[in-house]
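**Q** File name target_6.cif; file contents mmCIF, N, CA and C atoms; chains and numbers go by the auth columns; full text below.
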data_protein
#
loop_
_atom_site.group_PDB
_atom_site.id
_atom_site.type_symbol
_atom_site.label_atom_id
_atom_site.label_comp_id
_atom_site.label_asym_id
_atom_site.label_seq_id
_atom_site.Cartn_x
_atom_site.Cartn_y
_atom_site.Cartn_z
_atom_site.B_iso_or_equiv
_atom_site.auth_seq_id
_atom_site.auth_asym_id
ATOM 1 N N MET A 1 136.703 108.180 115.176 0.00 1 A
ATOM 2 C CA MET A 1 136.115 107.016 115.810 0.00 1 A
ATOM 3 C C MET A 1 137.082 105.844 115.665 0.00 1 A
ATOM 4 N N GLY A 2 137.225 105.333 114.446 0.00 2 A
ATOM 5 C CA GLY A 2 138.250 104.373 114.177 0.00 2 A
ATOM 6 C C GLY A 2 137.960 102.917 114.454 0.00 2 A
ATOM 7 N N GLN A 3 136.931 102.580 115.201 0.00 3 A
ATOM 8 C CA GLN A 3 136.663 101.189 115.530 0.00 3 A
ATOM 9 C C GLN A 3 136.130 100.459 114.302 0.00 3 A
ATOM 10 N N LEU A 4 136.630 99.266 114.049 0.00 4 A
ATOM 11 C CA LEU A 4 136.179 98.449 112.943 0.00 4 A
ATOM 12 C C LEU A 4 134.863 97.788 113.330 0.00 4 A
ATOM 13 N N LEU A 5 133.839 98.003 112.520 0.00 5 A
ATOM 14 C CA LEU A 5 132.507 97.461 112.788 0.00 5 A
ATOM 15 C C LEU A 5 132.155 96.465 111.693 0.00 5 A
ATOM 16 N N ARG A 6 131.295 95.506 112.041 0.00 6 A
ATOM 17 C CA ARG A 6 130.886 94.469 111.096 0.00 6 A
ATOM 18 C C ARG A 6 129.381 94.448 110.961 0.00 6 A
ATOM 19 N N ILE A 7 128.940 94.057 109.769 0.00 7 A
ATOM 20 C CA ILE A 7 127.518 93.863 109.529 0.00 7 A
ATOM 21 C C ILE A 7 127.389 92.691 108.558 0.00 7 A
ATOM 22 N N ASN A 8 126.399 91.854 108.794 0.00 8 A
ATOM 23 C CA ASN A 8 126.099 90.766 107.879 0.00 8 A
ATOM 24 C C ASN A 8 124.860 91.175 107.108 0.00 8 A
ATOM 25 N N PHE A 9 124.998 91.294 105.795 0.00 9 A
ATOM 26 C CA PHE A 9 123.893 91.729 104.947 0.00 9 A
ATOM 27 C C PHE A 9 123.793 90.790 103.760 0.00 9 A
ATOM 28 N N GLU A 10 122.623 90.221 103.575 0.00 10 A
ATOM 29 C CA GLU A 10 122.368 89.259 102.504 0.00 10 A
ATOM 30 C C GLU A 10 123.414 88.143 102.490 0.00 10 A
ATOM 31 N N ASN A 11 123.661 87.594 103.684 0.00 11 A
ATOM 32 C CA ASN A 11 124.581 86.477 103.884 0.00 11 A
ATOM 33 C C ASN A 11 126.022 86.790 103.485 0.00 11 A
ATOM 34 N N LYS A 12 126.393 88.073 103.498 0.00 12 A
ATOM 35 C CA LYS A 12 127.773 88.478 103.256 0.00 12 A
ATOM 36 C C LYS A 12 128.219 89.348 104.422 0.00 12 A
ATOM 37 N N ASP A 13 129.442 89.114 104.885 0.00 13 A
ATOM 38 C CA ASP A 13 130.002 89.946 105.947 0.00 13 A
ATOM 39 C C ASP A 13 130.653 91.174 105.332 0.00 13 A
ATOM 40 N N HIS A 14 130.352 92.320 105.912 0.00 14 A
ATOM 41 C CA HIS A 14 130.949 93.578 105.492 0.00 14 A
ATOM 42 C C HIS A 14 131.585 94.214 106.718 0.00 14 A
ATOM 43 N N THR A 15 132.701 94.883 106.511 0.00 15 A
ATOM 44 C CA THR A 15 133.333 95.632 107.589 0.00 15 A
ATOM 45 C C THR A 15 133.357 97.102 107.189 0.00 15 A
ATOM 46 N N PHE A 16 133.143 97.957 108.193 0.00 16 A
ATOM 47 C CA PHE A 16 133.217 99.382 107.925 0.00 16 A
ATOM 48 C C PHE A 16 133.811 100.088 109.125 0.00 16 A
ATOM 49 N N ARG A 17 134.379 101.255 108.846 0.00 17 A
ATOM 50 C CA ARG A 17 135.014 102.066 109.877 0.00 17 A
ATOM 51 C C ARG A 17 134.534 103.496 109.682 0.00 17 A
ATOM 52 N N ILE A 18 134.030 104.108 110.750 0.00 18 A
ATOM 53 C CA ILE A 18 133.575 105.494 110.708 0.00 18 A
ATOM 54 C C ILE A 18 134.804 106.395 110.789 0.00 18 A
ATOM 55 N N LEU A 19 134.900 107.353 109.872 0.00 19 A
ATOM 56 C CA LEU A 19 136.065 108.220 109.785 0.00 19 A
ATOM 57 C C LEU A 19 135.828 109.614 110.360 0.00 19 A
ATOM 58 N N ASN A 20 134.601 109.942 110.744 0.00 20 A
ATOM 59 C CA ASN A 20 134.313 111.276 111.298 0.00 20 A
ATOM 60 C C ASN A 20 135.207 111.539 112.503 0.00 20 A
ATOM 61 N N THR A 21 135.725 112.763 112.586 0.00 21 A
ATOM 62 C CA THR A 21 136.575 113.122 113.718 0.00 21 A
ATOM 63 C C THR A 21 135.745 113.587 114.910 0.00 21 A
ATOM 64 N N LYS A 22 134.553 114.137 114.632 0.00 22 A
ATOM 65 C CA LYS A 22 133.670 114.566 115.714 0.00 22 A
ATOM 66 C C LYS A 22 132.758 113.403 116.098 0.00 22 A
ATOM 67 N N PRO A 23 132.336 113.349 117.352 0.00 23 A
ATOM 68 C CA PRO A 23 131.426 112.272 117.770 0.00 23 A
ATOM 69 C C PRO A 23 130.102 112.301 116.999 0.00 23 A
ATOM 70 N N ILE A 24 129.553 111.131 116.750 0.00 24 A
ATOM 71 C CA ILE A 24 128.269 111.000 116.068 0.00 24 A
ATOM 72 C C ILE A 24 127.166 111.382 117.051 0.00 24 A
ATOM 73 N N SER A 25 126.244 112.249 116.599 0.00 25 A
ATOM 74 C CA SER A 25 125.131 112.664 117.446 0.00 25 A
ATOM 75 C C SER A 25 123.882 112.823 116.585 0.00 25 A
ATOM 76 N N ARG A 26 122.790 113.212 117.206 0.00 26 A
ATOM 77 C CA ARG A 26 121.545 113.424 116.468 0.00 26 A
ATOM 78 C C ARG A 26 121.677 114.530 115.427 0.00 26 A
ATOM 79 N N GLU A 27 122.600 115.452 115.632 0.00 27 A
ATOM 80 C CA GLU A 27 122.802 116.562 114.705 0.00 27 A
ATOM 81 C C GLU A 27 123.691 116.191 113.521 0.00 27 A
ATOM 82 N N THR A 28 124.294 115.020 113.555 0.00 28 A
ATOM 83 C CA THR A 28 125.178 114.575 112.481 0.00 28 A
ATOM 84 C C THR A 28 124.363 114.380 111.201 0.00 28 A
ATOM 85 N N LYS A 29 124.805 115.019 110.131 0.00 29 A
ATOM 86 C CA LYS A 29 124.124 114.915 108.837 0.00 29 A
ATOM 87 C C LYS A 29 124.972 114.198 107.792 0.00 29 A
ATOM 88 N N VAL A 30 126.287 114.091 108.040 0.00 30 A
ATOM 89 C CA VAL A 30 127.204 113.451 107.095 0.00 30 A
ATOM 90 C C VAL A 30 128.101 112.488 107.863 0.00 30 A
ATOM 91 N N ILE A 31 128.214 111.273 107.352 0.00 31 A
ATOM 92 C CA ILE A 31 129.107 110.284 107.956 0.00 31 A
ATOM 93 C C ILE A 31 130.041 109.774 106.867 0.00 31 A
ATOM 94 N N ASP A 32 131.335 109.962 107.095 0.00 32 A
ATOM 95 C CA ASP A 32 132.359 109.428 106.205 0.00 32 A
ATOM 96 C C ASP A 32 132.795 108.080 106.770 0.00 32 A
ATOM 97 N N LEU A 33 132.915 107.094 105.890 0.00 33 A
ATOM 98 C CA LEU A 33 133.339 105.776 106.342 0.00 33 A
ATOM 99 C C LEU A 33 134.058 105.032 105.243 0.00 33 A
ATOM 100 N N THR A 34 134.717 103.973 105.630 0.00 34 A
ATOM 101 C CA THR A 34 135.264 103.033 104.659 0.00 34 A
ATOM 102 C C THR A 34 134.445 101.758 104.784 0.00 34 A
ATOM 103 N N LEU A 35 134.041 101.238 103.654 0.00 35 A
ATOM 104 C CA LEU A 35 133.242 100.017 103.607 0.00 35 A
ATOM 105 C C LEU A 35 134.001 99.009 102.751 0.00 35 A
ATOM 106 N N ASP A 36 134.446 97.946 103.369 0.00 36 A
ATOM 107 C CA ASP A 36 135.217 96.911 102.662 0.00 36 A
ATOM 108 C C ASP A 36 136.373 97.523 101.881 0.00 36 A
ATOM 109 N N GLY A 37 137.019 98.537 102.476 0.00 37 A
ATOM 110 C CA GLY A 37 138.177 99.168 101.856 0.00 37 A
ATOM 111 C C GLY A 37 137.865 100.306 100.902 0.00 37 A
ATOM 112 N N GLN A 38 136.591 100.574 100.639 0.00 38 A
ATOM 113 C CA GLN A 38 136.193 101.655 99.740 0.00 38 A
ATOM 114 C C GLN A 38 135.705 102.844 100.553 0.00 38 A
ATOM 115 N N SER A 39 136.059 104.047 100.130 0.00 39 A
ATOM 116 C CA SER A 39 135.575 105.255 100.792 0.00 39 A
ATOM 117 C C SER A 39 134.118 105.482 100.415 0.00 39 A
ATOM 118 N N LEU A 40 133.330 105.897 101.408 0.00 40 A
ATOM 119 C CA LEU A 40 131.902 106.116 101.195 0.00 40 A
ATOM 120 C C LEU A 40 131.450 107.227 102.126 0.00 40 A
ATOM 121 N N THR A 41 130.608 108.107 101.610 0.00 41 A
ATOM 122 C CA THR A 41 130.012 109.162 102.421 0.00 41 A
ATOM 123 C C THR A 41 128.508 108.998 102.362 0.00 41 A
ATOM 124 N N ILE A 42 127.878 108.921 103.535 0.00 42 A
ATOM 125 C CA ILE A 42 126.427 108.857 103.569 0.00 42 A
ATOM 126 C C ILE A 42 125.898 110.151 104.184 0.00 42 A
ATOM 127 N N ILE A 43 124.771 110.604 103.633 0.00 43 A
ATOM 128 C CA ILE A 43 124.179 111.882 104.016 0.00 43 A
ATOM 129 C C ILE A 43 122.756 111.645 104.469 0.00 43 A
ATOM 130 N N LYS A 44 122.359 112.336 105.533 0.00 44 A
ATOM 131 C CA LYS A 44 120.991 112.224 106.023 0.00 44 A
ATOM 132 C C LYS A 44 120.095 113.112 105.179 0.00 44 A
ATOM 133 N N ASP A 45 119.119 112.496 104.534 0.00 45 A
ATOM 134 C CA ASP A 45 118.161 113.193 103.679 0.00 45 A
ATOM 135 C C ASP A 45 116.786 113.012 104.299 0.00 45 A
ATOM 136 N N GLY A 46 116.383 113.960 105.124 0.00 46 A
ATOM 137 C CA GLY A 46 115.141 113.809 105.882 0.00 46 A
ATOM 138 C C GLY A 46 115.364 112.797 106.984 0.00 46 A
ATOM 139 N N SER A 47 114.636 111.695 106.922 0.00 47 A
ATOM 140 C CA SER A 47 114.817 110.648 107.930 0.00 47 A
ATOM 141 C C SER A 47 115.611 109.461 107.368 0.00 47 A
ATOM 142 N N LEU A 48 116.008 109.543 106.099 0.00 48 A
ATOM 143 C CA LEU A 48 116.743 108.457 105.452 0.00 48 A
ATOM 144 C C LEU A 48 118.200 108.831 105.248 0.00 48 A
ATOM 145 N N TRP A 49 119.054 107.812 105.206 0.00 49 A
ATOM 146 C CA TRP A 49 120.467 107.999 104.896 0.00 49 A
ATOM 147 C C TRP A 49 120.695 107.490 103.478 0.00 49 A
ATOM 148 N N VAL A 50 121.391 108.291 102.670 0.00 50 A
ATOM 149 C CA VAL A 50 121.680 107.924 101.283 0.00 50 A
ATOM 150 C C VAL A 50 123.157 108.142 101.009 0.00 50 A
ATOM 151 N N SER A 51 123.646 107.468 99.981 0.00 51 A
ATOM 152 C CA SER A 51 125.046 107.618 99.590 0.00 51 A
ATOM 153 C C SER A 51 125.215 108.909 98.792 0.00 51 A
ATOM 154 N N GLU A 52 126.331 109.603 99.059 0.00 52 A
ATOM 155 C CA GLU A 52 126.616 110.843 98.328 0.00 52 A
ATOM 156 C C GLU A 52 126.906 110.539 96.857 0.00 52 A
ATOM 157 N N THR A 53 127.631 109.456 96.601 0.00 53 A
ATOM 158 C CA THR A 53 127.950 109.045 95.234 0.00 53 A
ATOM 159 C C THR A 53 127.702 107.549 95.095 0.00 53 A
ATOM 160 N N LEU A 54 127.550 107.111 93.871 0.00 54 A
ATOM 161 C CA LEU A 54 127.372 105.688 93.626 0.00 54 A
ATOM 162 C C LEU A 54 128.714 104.975 93.753 0.00 54 A
ATOM 163 N N VAL A 55 128.704 103.869 94.470 0.00 55 A
ATOM 164 C CA VAL A 55 129.903 103.053 94.642 0.00 55 A
ATOM 165 C C VAL A 55 129.564 101.654 94.165 0.00 55 A
ATOM 166 N N GLU A 56 130.431 101.101 93.340 0.00 56 A
ATOM 167 C CA GLU A 56 130.185 99.774 92.775 0.00 56 A
ATOM 168 C C GLU A 56 130.047 98.736 93.876 0.00 56 A
ATOM 169 N N GLY A 57 128.987 97.942 93.809 0.00 57 A
ATOM 170 C CA GLY A 57 128.759 96.877 94.770 0.00 57 A
ATOM 171 C C GLY A 57 128.042 97.317 96.036 0.00 57 A
ATOM 172 N N VAL A 58 127.689 98.600 96.145 0.00 58 A
ATOM 173 C CA VAL A 58 127.004 99.108 97.336 0.00 58 A
ATOM 174 C C VAL A 58 125.591 99.512 96.936 0.00 58 A
ATOM 175 N N THR A 59 124.615 98.801 97.474 0.00 59 A
ATOM 176 C CA THR A 59 123.219 99.073 97.149 0.00 59 A
ATOM 177 C C THR A 59 122.595 100.009 98.177 0.00 59 A
ATOM 178 N N ASP A 60 121.447 100.566 97.820 0.00 60 A
ATOM 179 C CA ASP A 60 120.713 101.422 98.755 0.00 60 A
ATOM 180 C C ASP A 60 120.320 100.651 100.008 0.00 60 A
ATOM 181 N N GLU A 61 119.983 99.378 99.851 0.00 61 A
ATOM 182 C CA GLU A 61 119.591 98.552 100.987 0.00 61 A
ATOM 183 C C GLU A 61 120.757 98.348 101.949 0.00 61 A
ATOM 184 N N LEU A 62 121.952 98.163 101.403 0.00 62 A
ATOM 185 C CA LEU A 62 123.140 98.017 102.246 0.00 62 A
ATOM 186 C C LEU A 62 123.409 99.314 103.002 0.00 62 A
ATOM 187 N N ILE A 63 123.269 100.441 102.347 0.00 63 A
ATOM 188 C CA ILE A 63 123.463 101.734 103.007 0.00 63 A
ATOM 189 C C ILE A 63 122.448 101.913 104.133 0.00 63 A
ATOM 190 N N LYS A 64 121.200 101.538 103.877 0.00 64 A
ATOM 191 C CA LYS A 64 120.168 101.631 104.923 0.00 64 A
ATOM 192 C C LYS A 64 120.513 100.733 106.107 0.00 64 A
ATOM 193 N N ALA A 65 121.026 99.532 105.834 0.00 65 A
ATOM 194 C CA ALA A 65 121.385 98.608 106.919 0.00 65 A
ATOM 195 C C ALA A 65 122.566 99.152 107.729 0.00 65 A
ATOM 196 N N ILE A 66 123.544 99.746 107.063 0.00 66 A
ATOM 197 C CA ILE A 66 124.688 100.335 107.767 0.00 66 A
ATOM 198 C C ILE A 66 124.224 101.519 108.602 0.00 66 A
ATOM 199 N N ALA A 67 123.386 102.371 108.027 0.00 67 A
ATOM 200 C CA ALA A 67 122.869 103.531 108.765 0.00 67 A
ATOM 201 C C ALA A 67 122.066 103.093 109.984 0.00 67 A
ATOM 202 N N LYS A 68 121.286 102.029 109.839 0.00 68 A
ATOM 203 C CA LYS A 68 120.515 101.516 110.975 0.00 68 A
ATOM 204 C C LYS A 68 121.461 100.990 112.052 0.00 68 A
ATOM 205 N N ASN A 69 122.511 100.305 111.642 0.00 69 A
ATOM 206 C CA ASN A 69 123.507 99.801 112.582 0.00 69 A
ATOM 207 C C ASN A 69 124.154 100.954 113.347 0.00 69 A
ATOM 208 N N ILE A 70 124.533 101.998 112.642 0.00 70 A
ATOM 209 C CA ILE A 70 125.141 103.171 113.283 0.00 70 A
ATOM 210 C C ILE A 70 124.141 103.863 114.201 0.00 70 A
ATOM 211 N N THR A 71 122.909 104.014 113.735 0.00 71 A
ATOM 212 C CA THR A 71 121.868 104.667 114.522 0.00 71 A
ATOM 213 C C THR A 71 121.618 103.934 115.843 0.00 71 A
ATOM 214 N N LEU A 72 121.561 102.626 115.796 0.00 72 A
ATOM 215 C CA LEU A 72 121.341 101.855 117.006 0.00 72 A
ATOM 216 C C LEU A 72 122.555 101.876 117.932 0.00 72 A
ATOM 217 N N ARG A 73 123.754 101.829 117.349 0.00 73 A
ATOM 218 C CA ARG A 73 124.975 101.830 118.155 0.00 73 A
ATOM 219 C C ARG A 73 125.182 103.157 118.863 0.00 73 A
ATOM 220 N N PHE A 74 124.928 104.266 118.187 0.00 74 A
ATOM 221 C CA PHE A 74 125.177 105.584 118.751 0.00 74 A
ATOM 222 C C PHE A 74 123.913 106.271 119.261 0.00 74 A
ATOM 223 N N ARG A 75 122.786 105.567 119.181 0.00 75 A
ATOM 224 C CA ARG A 75 121.494 106.077 119.683 0.00 75 A
ATOM 225 C C ARG A 75 121.152 107.456 119.133 0.00 75 A
ATOM 226 N N ILE A 76 121.223 107.559 117.798 0.00 76 A
ATOM 227 C CA ILE A 76 120.870 108.827 117.168 0.00 76 A
ATOM 228 C C ILE A 76 119.541 108.717 116.466 0.00 76 A
#
Before anything else, please render the file you have as C-alpha cells.
**A**
Amino acid sequence: MGQLLRINFENKDHTFRILNTKPISRETKVIDLTLDGQSLTIIKDGSLWVSETLVEGVTDELIKAIAKNITLRFRI
C-alpha cells in the first residue's frame, strides 16, 4: 500500500503506513503497519482489531481508532 495516513487521537497527530503487500479486503485478518515509526501488527479477533504485541505508547483505544480509520477507508 505505502500511502502515509494520519489520524488525530486524543489531540495528538499520529501517522501510519500500511505495509501489507496484498490489498486490504473483508477477508484480511492481519494488518502490518508502522505507527509513528514503530512496527505494529494488528489482528482481527472476531469483530475487534487488537495488537499482536504490546508496544510502548500504543493503547487499545488508539488501535481501535486506527482500525476504524482503515475499515472506513477500505470499506471492509
**Q** Within 12 Å of segment 15-17 of chain A, counting only C-alpha atoms, which residues qualify if same-chain residues fewer than 4 places away don't, as a PyMOL selection string?
**A** chain A and resi 1-9+21+31-41+62-63+65-67+69-70
**Q** Export, as a CSV table (one decimal), keeping the file's coordinate frame, the selected residues with N, CA and C atoms.
**A**
chain,number,residue,atom,x,y,z
A,1,MET,N,136.7,108.2,115.2
A,1,MET,CA,136.1,107.0,115.8
A,1,MET,C,137.1,105.8,115.7
A,2,GLY,N,137.2,105.3,114.4
A,2,GLY,CA,138.2,104.4,114.2
A,2,GLY,C,138.0,102.9,114.5
A,3,GLN,N,136.9,102.6,115.2
A,3,GLN,CA,136.7,101.2,115.5
A,3,GLN,C,136.1,100.5,114.3
A,4,LEU,N,136.6,99.3,114.0
A,4,LEU,CA,136.2,98.4,112.9
A,4,LEU,C,134.9,97.8,113.3
A,5,LEU,N,133.8,98.0,112.5
A,5,LEU,CA,132.5,97.5,112.8
A,5,LEU,C,132.2,96.5,111.7
A,6,ARG,N,131.3,95.5,112.0
A,6,ARG,CA,130.9,94.5,111.1
A,6,ARG,C,129.4,94.4,111.0
A,7,ILE,N,128.9,94.1,109.8
A,7,ILE,CA,127.5,93.9,109.5
A,7,ILE,C,127.4,92.7,108.6
A,8,ASN,N,126.4,91.9,108.8
A,8,ASN,CA,126.1,90.8,107.9
A,8,ASN,C,124.9,91.2,107.1
A,9,PHE,N,125.0,91.3,105.8
A,9,PHE,CA,123.9,91.7,104.9
A,9,PHE,C,123.8,90.8,103.8
A,21,THR,N,135.7,112.8,112.6
A,21,THR,CA,136.6,113.1,113.7
A,21,THR,C,135.7,113.6,114.9
A,31,ILE,N,128.2,111.3,107.4
A,31,ILE,CA,129.1,110.3,108.0
A,31,ILE,C,130.0,109.8,106.9
A,32,ASP,N,131.3,110.0,107.1
A,32,ASP,CA,132.4,109.4,106.2
A,32,ASP,C,132.8,108.1,106.8
A,33,LEU,N,132.9,107.1,105.9
A,33,LEU,CA,133.3,105.8,106.3
A,33,LEU,C,134.1,105.0,105.2
A,34,THR,N,134.7,104.0,105.6
A,34,THR,CA,135.3,103.0,104.7
A,34,THR,C,134.4,101.8,104.8
A,35,LEU,N,134.0,101.2,103.7
A,35,LEU,CA,133.2,100.0,103.6
A,35,LEU,C,134.0,99.0,102.8
A,36,ASP,N,134.4,97.9,103.4
A,36,ASP,CA,135.2,96.9,102.7
A,36,ASP,C,136.4,97.5,101.9
A,37,GLY,N,137.0,98.5,102.5
A,37,GLY,CA,138.2,99.2,101.9
A,37,GLY,C,137.9,100.3,100.9
A,38,GLN,N,136.6,100.6,100.6
A,38,GLN,CA,136.2,101.7,99.7
A,38,GLN,C,135.7,102.8,100.6
A,39,SER,N,136.1,104.0,100.1
A,39,SER,CA,135.6,105.3,100.8
A,39,SER,C,134.1,105.5,100.4
A,40,LEU,N,133.3,105.9,101.4
A,40,LEU,CA,131.9,106.1,101.2
A,40,LEU,C,131.4,107.2,102.1
A,41,THR,N,130.6,108.1,101.6
A,41,THR,CA,130.0,109.2,102.4
A,41,THR,C,128.5,109.0,102.4
A,62,LEU,N,122.0,98.2,101.4
A,62,LEU,CA,123.1,98.0,102.2
A,62,LEU,C,123.4,99.3,103.0
A,63,ILE,N,123.3,100.4,102.3
A,63,ILE,CA,123.5,101.7,103.0
A,63,ILE,C,122.4,101.9,104.1
A,65,ALA,N,121.0,99.5,105.8
A,65,ALA,CA,121.4,98.6,106.9
A,65,ALA,C,122.6,99.2,107.7
A,66,ILE,N,123.5,99.7,107.1
A,66,ILE,CA,124.7,100.3,107.8
A,66,ILE,C,124.2,101.5,108.6
A,67,ALA,N,123.4,102.4,108.0
A,67,ALA,CA,122.9,103.5,108.8
A,67,ALA,C,122.1,103.1,110.0
A,69,ASN,N,122.5,100.3,111.6
A,69,ASN,CA,123.5,99.8,112.6
A,69,ASN,C,124.2,101.0,113.3
A,70,ILE,N,124.5,102.0,112.6
A,70,ILE,CA,125.1,103.2,113.3
A,70,ILE,C,124.1,103.9,114.2
**Q** Quick one: apply the PyMOL selection byres ((chain A and resi 44) around 6.5) to the file and drop the selected residues here as a JSON list (two decimals) with N, CA and C atoms, in the coordinates of the input.
**A**
[["chain", "number", "residue", "atom", "x", "y", "z"],
["A", 28, "THR", "N", 124.29, 115.02, 113.56],
["A", 28, "THR", "CA", 125.18, 114.58, 112.48],
["A", 28, "THR", "C", 124.36, 114.38, 111.20],
["A", 29, "LYS", "N", 124.80, 115.02, 110.13],
["A", 29, "LYS", "CA", 124.12, 114.92, 108.84],
["A", 29, "LYS", "C", 124.97, 114.20, 107.79],
["A", 30, "VAL", "N", 126.29, 114.09, 108.04],
["A", 30, "VAL", "CA", 127.20, 113.45, 107.10],
["A", 30, "VAL", "C", 128.10, 112.49, 107.86],
["A", 31, "ILE", "N", 128.21, 111.27, 107.35],
["A", 31, "ILE", "CA", 129.11, 110.28, 107.96],
["A", 31, "ILE", "C", 130.04, 109.77, 106.87],
["A", 42, "ILE", "N", 127.88, 108.92, 103.54],
["A", 42, "ILE", "CA", 126.43, 108.86, 103.57],
["A", 42, "ILE", "C", 125.90, 110.15, 104.18],
["A", 43, "ILE", "N", 124.77, 110.60, 103.63],
["A", 43, "ILE", "CA", 124.18, 111.88, 104.02],
["A", 43, "ILE", "C", 122.76, 111.64, 104.47],
["A", 45, "ASP", "N", 119.12, 112.50, 104.53],
["A", 45, "ASP", "CA", 118.16, 113.19, 103.68],
["A", 45, "ASP", "C", 116.79, 113.01, 104.30],
["A", 46, "GLY", "N", 116.38, 113.96, 105.12],
["A", 46, "GLY", "CA", 115.14, 113.81, 105.88],
["A", 46, "GLY", "C", 115.36, 112.80, 106.98],
["A", 47, "SER", "N", 114.64, 111.70, 106.92],
["A", 47, "SER", "CA", 114.82, 110.65, 107.93],
["A", 47, "SER", "C", 115.61, 109.46, 107.37],
["A", 48, "LEU", "N", 116.01, 109.54, 106.10],
["A", 48, "LEU", "CA", 116.74, 108.46, 105.45],
["A", 48, "LEU", "C", 118.20, 108.83, 105.25],
["A", 49, "TRP", "N", 119.05, 107.81, 105.21],
["A", 49, "TRP", "CA", 120.47, 108.00, 104.90],
["A", 49, "TRP", "C", 120.70, 107.49, 103.48],
["A", 50, "VAL", "N", 121.39, 108.29, 102.67],
["A", 50, "VAL", "CA", 121.68, 107.92, 101.28],
["A", 50, "VAL", "C", 123.16, 108.14, 101.01]]
**Q** Please compute the atom C of Asp13 of chain A-atom CA of Glu61 of chain A distance, one decimal, in Å.
**A**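 The value is 14.0 Å.
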**Q** Just asking: which residues within chain A are alpha helix (DSSP H) according to DSSP, as an NGL selection string?
**A** :A and (60-74)
**Q** Taking the DSSP assignment computed from this structure's backbone, write out as a VMD selection string all residues of chain A that belong to strand (DSSP E or B).
**A** chain A and resid 4 to 9 12 to 18 30 to 35 38 to 45 48 to 51
**Q** Just the selected residues (N, CA and C atoms), exported as a compact mmCIF listing (two decimals), keeping the file's coordinate frame, please.
**A**
# COMPACT_ATOMS: atom_id res chain seq x y z
N LEU A 4 136.63 99.27 114.05
CA LEU A 4 136.18 98.45 112.94
C LEU A 4 134.86 97.79 113.33
N LEU A 5 133.84 98.00 112.52
CA LEU A 5 132.51 97.46 112.79
C LEU A 5 132.16 96.46 111.69
N ARG A 6 131.29 95.51 112.04
CA ARG A 6 130.89 94.47 111.10
C ARG A 6 129.38 94.45 110.96
N ILE A 7 128.94 94.06 109.77
CA ILE A 7 127.52 93.86 109.53
C ILE A 7 127.39 92.69 108.56
N ASN A 8 126.40 91.85 108.79
CA ASN A 8 126.10 90.77 107.88
C ASN A 8 124.86 91.18 107.11
N PHE A 9 125.00 91.29 105.80
CA PHE A 9 123.89 91.73 104.95
C PHE A 9 123.79 90.79 103.76
N LYS A 12 126.39 88.07 103.50
CA LYS A 12 127.77 88.48 103.26
C LYS A 12 128.22 89.35 104.42
N ASP A 13 129.44 89.11 104.88
CA ASP A 13 130.00 89.95 105.95
C ASP A 13 130.65 91.17 105.33
N HIS A 14 130.35 92.32 105.91
CA HIS A 14 130.95 93.58 105.49
C HIS A 14 131.58 94.21 106.72
N THR A 15 132.70 94.88 106.51
CA THR A 15 133.33 95.63 107.59
C THR A 15 133.36 97.10 107.19
N PHE A 16 133.14 97.96 108.19
CA PHE A 16 133.22 99.38 107.92
C PHE A 16 133.81 100.09 109.12
N ARG A 17 134.38 101.26 108.85
CA ARG A 17 135.01 102.07 109.88
C ARG A 17 134.53 103.50 109.68
N ILE A 18 134.03 104.11 110.75
CA ILE A 18 133.57 105.49 110.71
C ILE A 18 134.80 106.40 110.79
N VAL A 30 126.29 114.09 108.04
CA VAL A 30 127.20 113.45 107.10
C VAL A 30 128.10 112.49 107.86
N ILE A 31 128.21 111.27 107.35
CA ILE A 31 129.11 110.28 107.96
C ILE A 31 130.04 109.77 106.87
N ASP A 32 131.34 109.96 107.10
CA ASP A 32 132.36 109.43 106.20
C ASP A 32 132.79 108.08 106.77
N LEU A 33 132.92 107.09 105.89
CA LEU A 33 133.34 105.78 106.34
C LEU A 33 134.06 105.03 105.24
N THR A 34 134.72 103.97 105.63
CA THR A 34 135.26 103.03 104.66
C THR A 34 134.44 101.76 104.78
N LEU A 35 134.04 101.24 103.65
CA LEU A 35 133.24 100.02 103.61
C LEU A 35 134.00 99.01 102.75
N GLN A 38 136.59 100.57 100.64
CA GLN A 38 136.19 101.66 99.74
C GLN A 38 135.71 102.84 100.55
N SER A 39 136.06 104.05 100.13
CA SER A 39 135.57 105.26 100.79
C SER A 39 134.12 105.48 100.42
N LEU A 40 133.33 105.90 101.41
CA LEU A 40 131.90 106.12 101.20
C LEU A 40 131.45 107.23 102.13
N THR A 41 130.61 108.11 101.61
CA THR A 41 130.01 109.16 102.42
C THR A 41 128.51 109.00 102.36
N ILE A 42 127.88 108.92 103.54
CA ILE A 42 126.43 108.86 103.57
C ILE A 42 125.90 110.15 104.18
N ILE A 43 124.77 110.60 103.63
CA ILE A 43 124.18 111.88 104.02
C ILE A 43 122.76 111.64 104.47
N LYS A 44 122.36 112.34 105.53
CA LYS A 44 120.99 112.22 106.02
C LYS A 44 120.10 113.11 105.18
N ASP A 45 119.12 112.50 104.53
CA ASP A 45 118.16 113.19 103.68
C ASP A 45 116.79 113.01 104.30
N LEU A 48 116.01 109.54 106.10
CA LEU A 48 116.74 108.46 105.45
C LEU A 48 118.20 108.83 105.25
N TRP A 49 119.05 107.81 105.21
CA TRP A 49 120.47 108.00 104.90
C TRP A 49 120.70 107.49 103.48
N VAL A 50 121.39 108.29 102.67
CA VAL A 50 121.68 107.92 101.28
C VAL A 50 123.16 108.14 101.01
N SER A 51 123.65 107.47 99.98
CA SER A 51 125.05 107.62 99.59
C SER A 51 125.22 108.91 98.79
**Q** Rounded to one decimal, what separation in Å do you get between atom CA of Phe74 of chain A and atom CA of Glu56 of chain A?
**A**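 Interatomic distance, atom CA of Phe74 of chain A to atom CA of Glu56 of chain A: 27.1 Å.
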**Q** Rounded to one decimal, what separation in Å do you get between atom CA of Arg75 of chain A and atom CA of Leu19 of chain A?
**A**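 So the two atoms, atom CA of Arg75 of chain A and atom CA of Leu19 of chain A, lie 17.7 Å apart.
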**Q** Give me the box for segment 65-70 of chain A as lines of an AutoDock Vina configuration file, namely the centre and edge lengths in Å to one decimal of a box along x, y and z that holds every listed atom plus 3 Å on each side.
**A**
center_x = 122.8
center_y = 101.2
center_z = 110.0
size_x = 10.6
size_y = 11.3
size_z = 14.4
